[in-house]
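**Q** Data: structure.pdb, PDB, C-alpha atoms.
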ATOM      1  CA  MET A 108     -23.011  46.585 -30.447  1.00  0.00           C
ATOM      2  CA  ALA A 109     -24.417  43.445 -28.797  1.00  0.00           C
ATOM      3  CA  TRP A 110     -21.361  41.555 -30.021  1.00  0.00           C
ATOM      4  CA  ILE A 111     -19.018  43.979 -28.197  1.00  0.00           C
ATOM      5  CA  ALA A 112     -20.983  43.609 -24.928  1.00  0.00           C
ATOM      6  CA  THR A 113     -20.780  39.798 -25.186  1.00  0.00           C
ATOM      7  CA  THR A 114     -17.024  39.970 -25.780  1.00  0.00           C
ATOM      8  CA  ARG A 115     -16.592  42.160 -22.683  1.00  0.00           C
ATOM      9  CA  ARG A 116     -18.602  39.718 -20.569  1.00  0.00           C
ATOM     10  CA  ILE A 117     -16.459  36.837 -21.776  1.00  0.00           C
ATOM     11  CA  ARG A 118     -13.281  38.802 -20.966  1.00  0.00           C
ATOM     12  CA  VAL A 119     -14.534  39.248 -17.400  1.00  0.00           C
ATOM     13  CA  LEU A 120     -16.114  35.800 -16.960  1.00  0.00           C
ATOM     14  CA  VAL A 121     -13.155  33.673 -18.119  1.00  0.00           C
ATOM     15  CA  PRO A 122     -10.667  35.098 -15.571  1.00  0.00           C
ATOM     16  CA  LEU A 123     -13.315  34.866 -12.825  1.00  0.00           C
ATOM     17  CA  VAL A 124     -13.982  31.201 -13.590  1.00  0.00           C
ATOM     18  CA  LEU A 125     -10.242  30.450 -13.684  1.00  0.00           C
ATOM     19  CA  LEU A 126      -9.731  32.296 -10.395  1.00  0.00           C
ATOM     20  CA  MET A 127     -12.556  30.275  -8.816  1.00  0.00           C
ATOM     21  CA  LEU A 128     -11.030  26.999 -10.053  1.00  0.00           C
ATOM     22  CA  VAL A 129      -7.623  27.915  -8.622  1.00  0.00           C
ATOM     23  CA  GLY A 130      -9.300  28.841  -5.323  1.00  0.00           C
ATOM     24  CA  VAL A 131     -11.122  25.515  -5.124  1.00  0.00           C
ATOM     25  CA  LEU A 132      -7.931  23.610  -5.963  1.00  0.00           C
ATOM     26  CA  LEU A 133      -5.946  25.469  -3.287  1.00  0.00           C
ATOM     27  CA  THR A 134      -8.694  24.842  -0.737  1.00  0.00           C
ATOM     28  CA  VAL A 135      -8.647  21.103  -1.468  1.00  0.00           C
ATOM     29  CA  ILE A 136      -4.845  20.954  -1.197  1.00  0.00           C
ATOM     30  CA  VAL A 137      -4.654  22.968   2.025  1.00  0.00           C
ATOM     31  CA  THR A 138      -7.520  21.194   3.787  1.00  0.00           C
ATOM     32  CA  ALA A 139      -6.572  17.649   2.718  1.00  0.00           C
ATOM     33  CA  ALA A 140      -5.344  15.625   5.674  1.00  0.00           C
ATOM     34  CA  PRO A 141      -1.732  14.584   5.194  1.00  0.00           C
ATOM     35  CA  ARG A 142      -1.151  10.854   5.056  1.00  0.00           C
ATOM     36  CA  LYS A 143       0.551   9.484   8.132  1.00  0.00           C
ATOM     37  CA  PRO A 144       3.887   7.908   7.303  1.00  0.00           C
ATOM     38  CA  PRO A 145       3.983   4.104   7.549  1.00  0.00           C
ATOM     39  CA  ALA A 146       5.637   2.499  10.576  1.00  0.00           C
ATOM     40  CA  MET A 147       9.305   1.751   9.950  1.00  0.00           C
ATOM     41  CA  LEU A 148      10.425  -1.828   9.323  1.00  0.00           C
ATOM     42  CA  GLY A 149      10.488  -3.670  12.657  1.00  0.00           C
ATOM     43  CA  ALA A 150       8.523  -0.988  14.522  1.00  0.00           C
ATOM     44  CA  SER A 151       4.957  -1.581  15.652  1.00  0.00           C
ATOM     45  CA  GLY A 152       2.283   0.412  13.900  1.00  0.00           C
ATOM     46  CA  SER A 153      -1.232   1.092  15.138  1.00  0.00           C
ATOM     47  CA  LEU A 154      -4.092  -0.466  13.246  1.00  0.00           C
ATOM     48  CA  GLU A 155      -7.768  -0.972  13.849  1.00  0.00           C
ATOM     49  CA  GLY A 156      -7.998  -3.231  16.898  1.00  0.00           C
ATOM     50  CA  GLY A 157      -4.329  -3.426  17.841  1.00  0.00           C
ATOM     51  CA  LEU A 158      -0.779  -3.368  16.570  1.00  0.00           C
ATOM     52  CA  GLY A 159       1.042  -4.730  13.528  1.00  0.00           C
ATOM     53  CA  ARG A 160       4.754  -5.223  12.920  1.00  0.00           C
ATOM     54  CA  ILE A 161       6.784  -6.568  10.007  1.00  0.00           C
ATOM     55  CA  ASN A 162       9.341  -9.010  11.380  1.00  0.00           C
ATOM     56  CA  GLY A 163      10.993  -9.751   8.056  1.00  0.00           C
ATOM     57  CA  VAL A 164      11.032  -9.066   4.339  1.00  0.00           C
ATOM     58  CA  ILE A 165      12.856 -11.955   2.715  1.00  0.00           C
ATOM     59  CA  PRO A 166      13.389 -12.391  -1.044  1.00  0.00           C
ATOM     60  CA  LEU A 167      12.512 -15.994  -1.951  1.00  0.00           C
ATOM     61  CA  GLU A 168      15.724 -16.206  -4.009  1.00  0.00           C
ATOM     62  CA  VAL A 169      17.734 -15.834  -0.786  1.00  0.00           C
ATOM     63  CA  ASP A 170      16.402 -18.797   1.176  1.00  0.00           C
ATOM     64  CA  ASP A 171      14.466 -20.973  -1.322  1.00  0.00           C
ATOM     65  CA  TRP A 172      11.474 -20.996   1.040  1.00  0.00           C
ATOM     66  CA  ARG A 173       8.408 -22.884  -0.195  1.00  0.00           C
ATOM     67  CA  PRO A 174       4.897 -22.963   1.258  1.00  0.00           C
ATOM     68  CA  PRO A 175       3.895 -26.112   3.171  1.00  0.00           C
ATOM     69  CA  THR A 176       1.626 -27.186   0.306  1.00  0.00           C
ATOM     70  CA  ASP A 177       2.259 -26.783  -3.420  1.00  0.00           C
ATOM     71  CA  THR A 178       0.551 -23.834  -5.025  1.00  0.00           C
ATOM     72  CA  ALA A 179       0.172 -22.929  -8.688  1.00  0.00           C
ATOM     73  CA  ALA A 180       0.862 -19.244  -7.918  1.00  0.00           C
ATOM     74  CA  LEU A 181       4.451 -20.053  -6.921  1.00  0.00           C
ATOM     75  CA  ALA A 182       5.104 -22.966  -9.300  1.00  0.00           C
ATOM     76  CA  GLY A 183       6.723 -20.955 -12.089  1.00  0.00           C
ATOM     77  CA  PRO A 184       9.280 -18.175 -12.009  1.00  0.00           C
ATOM     78  CA  PRO A 185       8.191 -14.592 -11.274  1.00  0.00           C
ATOM     79  CA  ALA A 186       7.292 -12.305 -14.164  1.00  0.00           C
ATOM     80  CA  GLN A 187      10.096 -10.491 -15.970  1.00  0.00           C
ATOM     81  CA  GLU A 188      11.707  -7.708 -13.880  1.00  0.00           C
ATOM     82  CA  MET A 189       9.839  -8.933 -10.786  1.00  0.00           C
ATOM     83  CA  HIS A 190      10.913 -10.875  -7.712  1.00  0.00           C
ATOM     84  CA  ARG A 191       9.044 -12.580  -4.908  1.00  0.00           C
ATOM     85  CA  VAL A 192       9.301 -11.607  -1.271  1.00  0.00           C
ATOM     86  CA  ARG A 193       7.967 -13.260   1.850  1.00  0.00           C
ATOM     87  CA  ILE A 194       6.702 -10.713   4.371  1.00  0.00           C
ATOM     88  CA  LEU A 195       6.460 -11.951   7.957  1.00  0.00           C
ATOM     89  CA  VAL A 196       3.902  -9.908   9.889  1.00  0.00           C
ATOM     90  CA  GLU A 197       2.808 -10.121  13.506  1.00  0.00           C
ATOM     91  CA  PHE A 198      -0.567  -8.768  14.611  1.00  0.00           C
ATOM     92  CA  THR A 199      -1.456  -8.276  18.285  1.00  0.00           C
ATOM     93  CA  ALA A 200      -5.055  -7.527  19.253  1.00  0.00           C
ATOM     94  CA  MET A 201      -5.296  -4.825  21.911  1.00  0.00           C
ATOM     95  CA  GLU A 202      -8.941  -3.804  21.613  1.00  0.00           C
ATOM     96  CA  LYS A 203     -12.018  -5.671  22.863  1.00  0.00           C
ATOM     97  CA  ASP A 204     -13.205  -6.479  19.337  1.00  0.00           C
ATOM     98  CA  GLY A 205      -9.796  -7.831  18.315  1.00  0.00           C
ATOM     99  CA  ILE A 206      -8.361  -7.766  14.804  1.00  0.00           C
ATOM    100  CA  THR A 207      -9.980  -9.277  11.749  1.00  0.00           C
ATOM    101  CA  PHE A 208      -7.183 -10.671   9.564  1.00  0.00           C
ATOM    102  CA  ASP A 209      -8.069 -11.249   5.921  1.00  0.00           C
ATOM    103  CA  PRO A 210      -5.033 -11.534   3.622  1.00  0.00           C
ATOM    104  CA  SER A 211      -7.089 -10.514   0.583  1.00  0.00           C
ATOM    105  CA  LEU A 212      -7.369  -7.001   2.090  1.00  0.00           C
ATOM    106  CA  TYR A 213      -3.593  -6.499   2.194  1.00  0.00           C
ATOM    107  CA  SER A 214      -1.438  -5.112  -0.590  1.00  0.00           C
ATOM    108  CA  VAL A 215       1.972  -3.585  -1.169  1.00  0.00           C
ATOM    109  CA  SER A 216       2.110  -0.059  -2.557  1.00  0.00           C
ATOM    110  CA  ALA A 217       4.871   2.102  -3.959  1.00  0.00           C
ATOM    111  CA  LEU A 218       4.725   5.843  -4.156  1.00  0.00           C
ATOM    112  CA  GLY A 219       3.286   6.574  -7.606  1.00  0.00           C
ATOM    113  CA  SER A 220       4.211   3.146  -8.987  1.00  0.00           C
ATOM    114  CA  GLY A 221       1.344   0.838  -8.274  1.00  0.00           C
ATOM    115  CA  THR A 222      -0.191  -1.692  -5.910  1.00  0.00           C
ATOM    116  CA  TRP A 223       0.365  -5.452  -5.737  1.00  0.00           C
ATOM    117  CA  GLN A 224      -1.813  -8.143  -4.155  1.00  0.00           C
ATOM    118  CA  PRO A 225      -0.419 -11.212  -2.348  1.00  0.00           C
ATOM    119  CA  VAL A 226       0.156 -14.283  -4.517  1.00  0.00           C
ATOM    120  CA  TRP A 227       0.106 -16.531  -1.440  1.00  0.00           C
ATOM    121  CA  ALA A 228      -0.772 -16.057   2.240  1.00  0.00           C
ATOM    122  CA  ALA A 229      -1.125 -18.027   5.465  1.00  0.00           C
ATOM    123  CA  PRO A 230      -3.078 -18.274   7.612  1.00  0.00           C
ATOM    124  CA  GLY A 231      -6.389 -17.657   5.927  1.00  0.00           C
ATOM    125  CA  PRO A 232      -8.969 -15.219   7.272  1.00  0.00           C
ATOM    126  CA  ALA A 233      -9.043 -15.246  11.085  1.00  0.00           C
ATOM    127  CA  LEU A 234     -10.188 -13.251  14.107  1.00  0.00           C
ATOM    128  CA  VAL A 235      -7.420 -12.383  16.550  1.00  0.00           C
ATOM    129  CA  LYS A 236      -8.947 -11.999  20.019  1.00  0.00           C
ATOM    130  CA  GLN A 237      -7.904  -9.335  22.505  1.00  0.00           C
ATOM    131  CA  GLY A 238      -4.553 -10.179  24.082  1.00  0.00           C
ATOM    132  CA  GLU A 239      -3.642 -12.691  21.379  1.00  0.00           C
ATOM    133  CA  SER A 240      -1.201 -12.460  18.477  1.00  0.00           C
ATOM    134  CA  ILE A 241      -1.054 -14.023  15.053  1.00  0.00           C
ATOM    135  CA  ASP A 242       1.955 -14.486  12.795  1.00  0.00           C
ATOM    136  CA  ALA A 243       1.126 -14.197   9.105  1.00  0.00           C
ATOM    137  CA  THR A 244       3.164 -14.876   5.998  1.00  0.00           C
ATOM    138  CA  LEU A 245       2.327 -12.929   2.847  1.00  0.00           C
ATOM    139  CA  VAL A 246       4.137 -13.560  -0.448  1.00  0.00           C
ATOM    140  CA  PHE A 247       4.180 -10.793  -3.048  1.00  0.00           C
ATOM    141  CA  GLU A 248       5.630 -10.412  -6.525  1.00  0.00           C
ATOM    142  CA  LEU A 249       7.253  -6.971  -6.604  1.00  0.00           C
ATOM    143  CA  PRO A 250       9.150  -4.994  -9.251  1.00  0.00           C
ATOM    144  CA  ASP A 251      12.949  -5.328  -9.058  1.00  0.00           C
ATOM    145  CA  ARG A 252      13.441  -1.565  -9.103  1.00  0.00           C
ATOM    146  CA  ALA A 253      10.615  -0.536  -6.764  1.00  0.00           C
ATOM    147  CA  VAL A 254      11.562   1.657  -3.814  1.00  0.00           C
ATOM    148  CA  ASP A 255       9.686   3.177  -0.892  1.00  0.00           C
ATOM    149  CA  LEU A 256       7.335   0.205  -0.580  1.00  0.00           C
ATOM    150  CA  PHE A 257       4.916  -0.324   2.269  1.00  0.00           C
ATOM    151  CA  LEU A 258       2.359  -2.913   3.283  1.00  0.00           C
ATOM    152  CA  GLU A 259      -1.146  -1.477   3.137  1.00  0.00           C
ATOM    153  CA  VAL A 260      -2.875  -2.628   6.339  1.00  0.00           C
ATOM    154  CA  PRO A 261      -6.613  -2.019   6.832  1.00  0.00           C
ATOM    155  CA  GLY A 262      -7.186   0.657   9.490  1.00  0.00           C
ATOM    156  CA  SER A 263      -3.550   1.763   9.450  1.00  0.00           C
ATOM    157  CA  ALA A 264      -1.080   4.114   7.792  1.00  0.00           C
ATOM    158  CA  GLY A 265       0.777   0.997   6.658  1.00  0.00           C
ATOM    159  CA  LEU A 266       4.052  -0.726   7.490  1.00  0.00           C
ATOM    160  CA  SER A 267       7.272   0.110   5.644  1.00  0.00           C
ATOM    161  CA  LEU A 268       9.154  -2.714   3.882  1.00  0.00           C
ATOM    162  CA  GLY A 269      12.510  -0.956   4.084  1.00  0.00           C
ATOM    163  CA  ALA A 270      15.102  -1.862   1.446  1.00  0.00           C
ATOM    164  CA  GLY A 271      15.336  -5.579   2.318  1.00  0.00           C
ATOM    165  CA  HIS A 272      13.030  -6.638  -0.488  1.00  0.00           C
ATOM    166  CA  HIS A 273      15.491  -5.797  -3.238  1.00  0.00           C
ATOM    167  CA  ARG A 274      16.705  -8.672  -5.316  1.00  0.00           C
ATOM    168  CA  PRO A 275      20.264  -9.686  -4.481  1.00  0.00           C
ATOM    169  CA  LYS A 276      22.856  -8.824  -7.143  1.00  0.00           C
TER     170      LYS A 276
END
Show the structure stored in the file as structure tokens.

**A**
Amino acid sequence: MAWIATTRRIRVLVPLVLLMLVGVLLTVIVTAAPRKPPAMLGASGSLEGGLGRINGVIPLEVDDWRPPTDTAALAGPPAQEMHRVRILVEFTAMEKDGITFDPSLYSVSALGSGTWQPVWAAPGPALVKQGESIDATLVFELPDRAVDLFLEVPGSAGLSLGAGHHRPK
């Protein structure tokens, strides 16, 4: 008899636990804040301390650009099925505290595909004071087939790379 009572409890408990899990999952999905879309290529996007804008996304194969000093990171060819792009970004400090620029905090992301760190950047870490702007160059190695890429900017929804990063045919 005790075995039958235990079986009945399990039959009631299992659906209750599953129902609670579904409820928690739905609550998390509904209450999660939607991610703001990144600013379109060429448009200014808000970031902590000011504004950021991508002025260009140029595949290195197109213009044979090289950094002012030799660097081991760019000495050899890119990895298989990858290409290098130079991203030209302008940051303008609008707030009193300015913008802290540190290229190591920037990355390129693709929806569900991954994140890539810069292989070269200039200038190095800097503080952009209120009312001033800084032009930065970030070089990334990105997959040939990646789409919907955006530059992850600290304190921002990001800046879209558009389709200009694709390797020329």

**Q** On this file, the PyMOL selection byres ((chain A and resi 188) around 8) gives some set of residues; write that set as a PyMOL selection string.

**A** chain A and resi 186-187+189-190+250-252

**Q** Please measure the separation of atom CA of Thr222 of chain A and atom CA of Arg173 of chain A, giving the value in Å to one decimal.

**A**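 Computing it gives 23.6 Å between the two atoms.
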
**Q** Could you state the separation of atom CA of Gly157 of chain A and atom CA of Pro210 of chain A in Å, given to one decimal place?

**A**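 Computing it gives 16.4 Å between the two atoms.
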
**Q** Using all atoms listed in the file for the distances, tell me which of A:Leu128, A:Ala229, A:Val196, A:Ala243 is nearest to Ser151 of chain A.

**A**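 Under the stated criterion, the closest residue is A:Val196.
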
**Q** Using only C-alpha atoms, which of the listed residues (A:Asp171, A:Glu248, A:Glu197, A:Glu155) sits closest to Pro185 of chain A?

**A**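 Checking each candidate against Pro185 of chain A, we get A:Glu248 as the closest.
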